[in-house]
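J.: Sharing a structure below in structure tokens format, with a few things to ask.
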Amino acid sequence: MMYPLGERVLVCGHRGDCIHGLENTMTAFSLAVGAGVDMVETDVRMTSDGCLILMHDACVDRTTDGTALVSEFTLSQLIRFNAAAHALPGFEPEPPATLKNFLTFATRYPRLLLNIELKDYPCPGNEEFAFECADKLASTVLSFGLGERTWINSFDGRLLEFVFKKYGKAFHYHGFYPWFILGPMTIDPESFIDLACMQHRYLDKGVMKKFDDPLCPKEWFTFLLDKGIMPLAAPSIAVYAHYDEAFSWGCRCVNTNNPYGMLRHLGR
């Protein structure tokens, strides 16, 4: 596959570097940056004492040697767990990374872009907690002076518009397309989102379902590009030839579990 001369693909390390079993750890972020990524994606959740920790799942079970919900622990309790408990051999134990750990790391790399996903959702009974987490994320990123190179990311459109209404263009915004994935919103997502992760999904009698093929149709890429929104090729695409199709349709951003492999592929 040949790409147009002078155009390059921005590579994002999904949860840093996932292939070593170290997702969302400081080691994973270091490996991704060492590979040469342009952007690092991570996930933020809030502890019971209002601190922000980087973890994808609601429970700590899958990625650490602990068990139970992130929101049930204080920060001091959480950082006693080994976030590298399920890593490949050869990696030392390390505590779960905090948002401040990550932002401090990012300040050492002035060209590194950040993509931070809000994982505490405002479902019934959890609204106050979720919006507090979103507000703390935004204010903390700004306190580090990193707003201009940060994308606030969420599957829940209410969180994105909450941050946008309060902080406006202090950040970039990352949503998910088709827009129905974001749920009900009071603001048109096309008015402020500039990066959209492509998810091949459809609604069947109000229930969201996935197509078997993770690659979205060309027409969806064209639609977003015409709106000035960059389509993001998702890490769920497992075949390089499918990524190449997305690139040939104008996609110039890819989120990958394997930064080394993707960068080698693009280099070829």
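By order of appearance in the structure tokens: chains A, B, ..., then residues from 1 within every chain, and ligands from 1 in the order shown.
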May I have all residues of stretch 66-252 of chain A that DSSP, computed from the backbone, assigns to strand (DSSP E or B), given as a PyMOL selection string?

T.: chain A and resi 69+98+113-118+150-153+172-177+195-198+201-204+207-210+230-233

J.: Leaving out A:Phe221 and any residue of its chain fewer than 6 positions from it, which residues lie within 8 Å of it when counting only C-alpha atoms, given as a list in words?

T.: Pro231, Ala246, Trp249, Gly250 and Cys251 of chain A

J.: Mind checking DSSP for stretch 115-165 of chain A and telling me the alpha helix (DSSP H) residues as a list in words?

T.: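 Of stretch 115-165 of chain A, only Glu127, Glu128, Phe129, Ala130, Phe131, Glu132, Cys133, Ala134, Asp135, Lys136, Leu137, Ala138, Ser139, Thr140, Val141, Leu142, Ser143, Gly157, Arg158, Leu159, Leu160, Glu161, Phe162, Val163, Phe164 and Lys165 of chain A fall in alpha helix (DSSP H).
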
J.: Write a file of the just-selected residues containing C-alpha atoms, as a PDB file, in the first residue's frame.

T.:
```pdb
ATOM      1  CA  GLU A 127     -23.622  11.222  38.256  1.00  0.00           C
ATOM      2  CA  GLU A 128     -21.941  13.365  40.903  1.00  0.00           C
ATOM      3  CA  PHE A 129     -18.946  11.022  41.147  1.00  0.00           C
ATOM      4  CA  ALA A 130     -18.477  10.870  37.346  1.00  0.00           C
ATOM      5  CA  PHE A 131     -18.704  14.624  36.784  1.00  0.00           C
ATOM      6  CA  GLU A 132     -16.347  15.267  39.707  1.00  0.00           C
ATOM      7  CA  CYS A 133     -13.848  12.893  38.099  1.00  0.00           C
ATOM      8  CA  ALA A 134     -14.188  14.704  34.756  1.00  0.00           C
ATOM      9  CA  ASP A 135     -13.722  18.100  36.377  1.00  0.00           C
ATOM     10  CA  LYS A 136     -10.664  16.949  38.333  1.00  0.00           C
ATOM     11  CA  LEU A 137      -9.135  15.481  35.192  1.00  0.00           C
ATOM     12  CA  ALA A 138      -9.567  18.728  33.274  1.00  0.00           C
ATOM     13  CA  SER A 139      -8.294  20.986  36.045  1.00  0.00           C
ATOM     14  CA  THR A 140      -5.282  18.744  36.732  1.00  0.00           C
ATOM     15  CA  VAL A 141      -4.246  18.623  33.067  1.00  0.00           C
ATOM     16  CA  LEU A 142      -4.487  22.415  32.893  1.00  0.00           C
ATOM     17  CA  SER A 143      -2.427  22.788  36.073  1.00  0.00           C
ATOM     18  CA  GLY A 157     -21.190  12.265  25.407  1.00  0.00           C
ATOM     19  CA  ARG A 158     -22.484  13.897  28.587  1.00  0.00           C
ATOM     20  CA  LEU A 159     -18.978  13.860  30.035  1.00  0.00           C
ATOM     21  CA  LEU A 160     -17.489  15.380  26.896  1.00  0.00           C
ATOM     22  CA  GLU A 161     -20.019  18.196  26.751  1.00  0.00           C
ATOM     23  CA  PHE A 162     -19.655  18.789  30.515  1.00  0.00           C
ATOM     24  CA  VAL A 163     -15.932  19.451  30.034  1.00  0.00           C
ATOM     25  CA  PHE A 164     -16.518  21.461  26.851  1.00  0.00           C
ATOM     26  CA  LYS A 165     -19.169  23.681  28.469  1.00  0.00           C
TER      27      LYS A 165
END
```

J.: Nearest to A:Asp17: which of A:Tyr177, A:Phe144, A:Tyr167, A:Tyr260 is it, counting only C-alpha atoms?

T.: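 Smallest distance to A:Asp17 is found for A:Tyr260.
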
J.: Any idea what the distance is between atom CA of A:Cys253 and atom CA of A:Val11?

T.: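 Spanning atom CA of A:Cys253 to atom CA of A:Val11 is a straight-line distance of 6.0 Å.
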
J.: Skipping near chain neighbours, those fewer than 4 positions away, what residues fall within 12 Å of A:Tyr240 using only C-alpha atoms, listed as a PyMOL selection string?

T.: chain A and resi 1+215+233-236+244-247+254+256+258+261-266+268

J.: My list of candidates is A:Phe192, A:Phe180, A:Tyr243, A:Phe73. Which is closest to A:Ala58 when distances are computed with only C-alpha atoms?

T.: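 Under the stated criterion, the closest residue is A:Phe73.
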
J.: Report, in Å with one decimal, the straight-line distance from atom CA of A:Cys12 to atom CA of A:Leu112.

T.: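 Atom-to-atom, atom CA of A:Cys12 to atom CA of A:Leu112, that is 9.8 Å.
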
J.: When you count only C-alpha atoms, which of these residues is closest to A:Tyr173: A:Glu94, A:Asp43, A:Glu23, A:Glu190?

T.: A:Glu190

J.: Set the distance at 8 Å and use only C-alpha atoms: which residues neighbour A:Leu54 once local chain neighbours fewer than 4 positions away are removed? I'd like the list as an MDAnalysis selection string.

T.: chainID A and resid 24:25 42:45 96:99

J.: With distances taken over only C-alpha atoms, which residue among A:Val60, A:Val37, A:Val207, A:Ile116 lies nearest A:Leu146?

T.: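 When distances to A:Leu146 are compared using only C-alpha atoms, the smallest one comes from A:Ile116.
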
J.: Tell me which of A:Met55, A:Ala83, A:Cys123, A:Cys216 sits closest to A:His200, counting only C-alpha atoms.

T.: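 Closest to A:His200, using only C-alpha atoms: A:Cys216.
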
J.: For a test of reading the model, state the distance in Å between atom CA of A:Lys227 and atom CA of A:Asp38, rounded to one decimal.

T.: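 Here the two named atoms are 23.4 Å from each other.
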
J.: Tell me which of A:Ile193, A:Leu224, A:Ala68, A:Ile181 sits closest to A:Gly206, counting only C-alpha atoms.

T.: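 Among the listed residues, A:Ile181 lies closest to A:Gly206.
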
J.: If we count only C-alpha atoms and set the cut-off at 12 Å, which residues sit around A:Gln77, ignoring sequence neighbours fewer than 3 positions away in its own chain? Please answer as a PyMOL selection string.

T.: chain A and resi 47-49+51+53+60+66-74+80-82+95-96

J.: Could you name the residues that touch A:Tyr202 at 9 Å or less, counting only C-alpha atoms, but leaving out those on the same chain fewer than 3 positions away, as a PyMOL selection string?

T.: chain A and resi 178+180+207-211

J.: Can you tell me which residues surround A:Gly16 at a distance of at most 9 Å, considering only C-alpha atoms, apart from same-chain residues fewer than 6 positions away, and format the answer as a list in words?

T.: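 Using only C-alpha atoms, the neighbours found are Leu22, Glu23, Asn24, Thr25, Met26, Thr27, Ala28, Phe29, Ser30, Leu31, Ala32, Val33, Met39, Val40, Glu41, Thr42, Thr256, Asn257, Asn258 and Pro259 of chain A.
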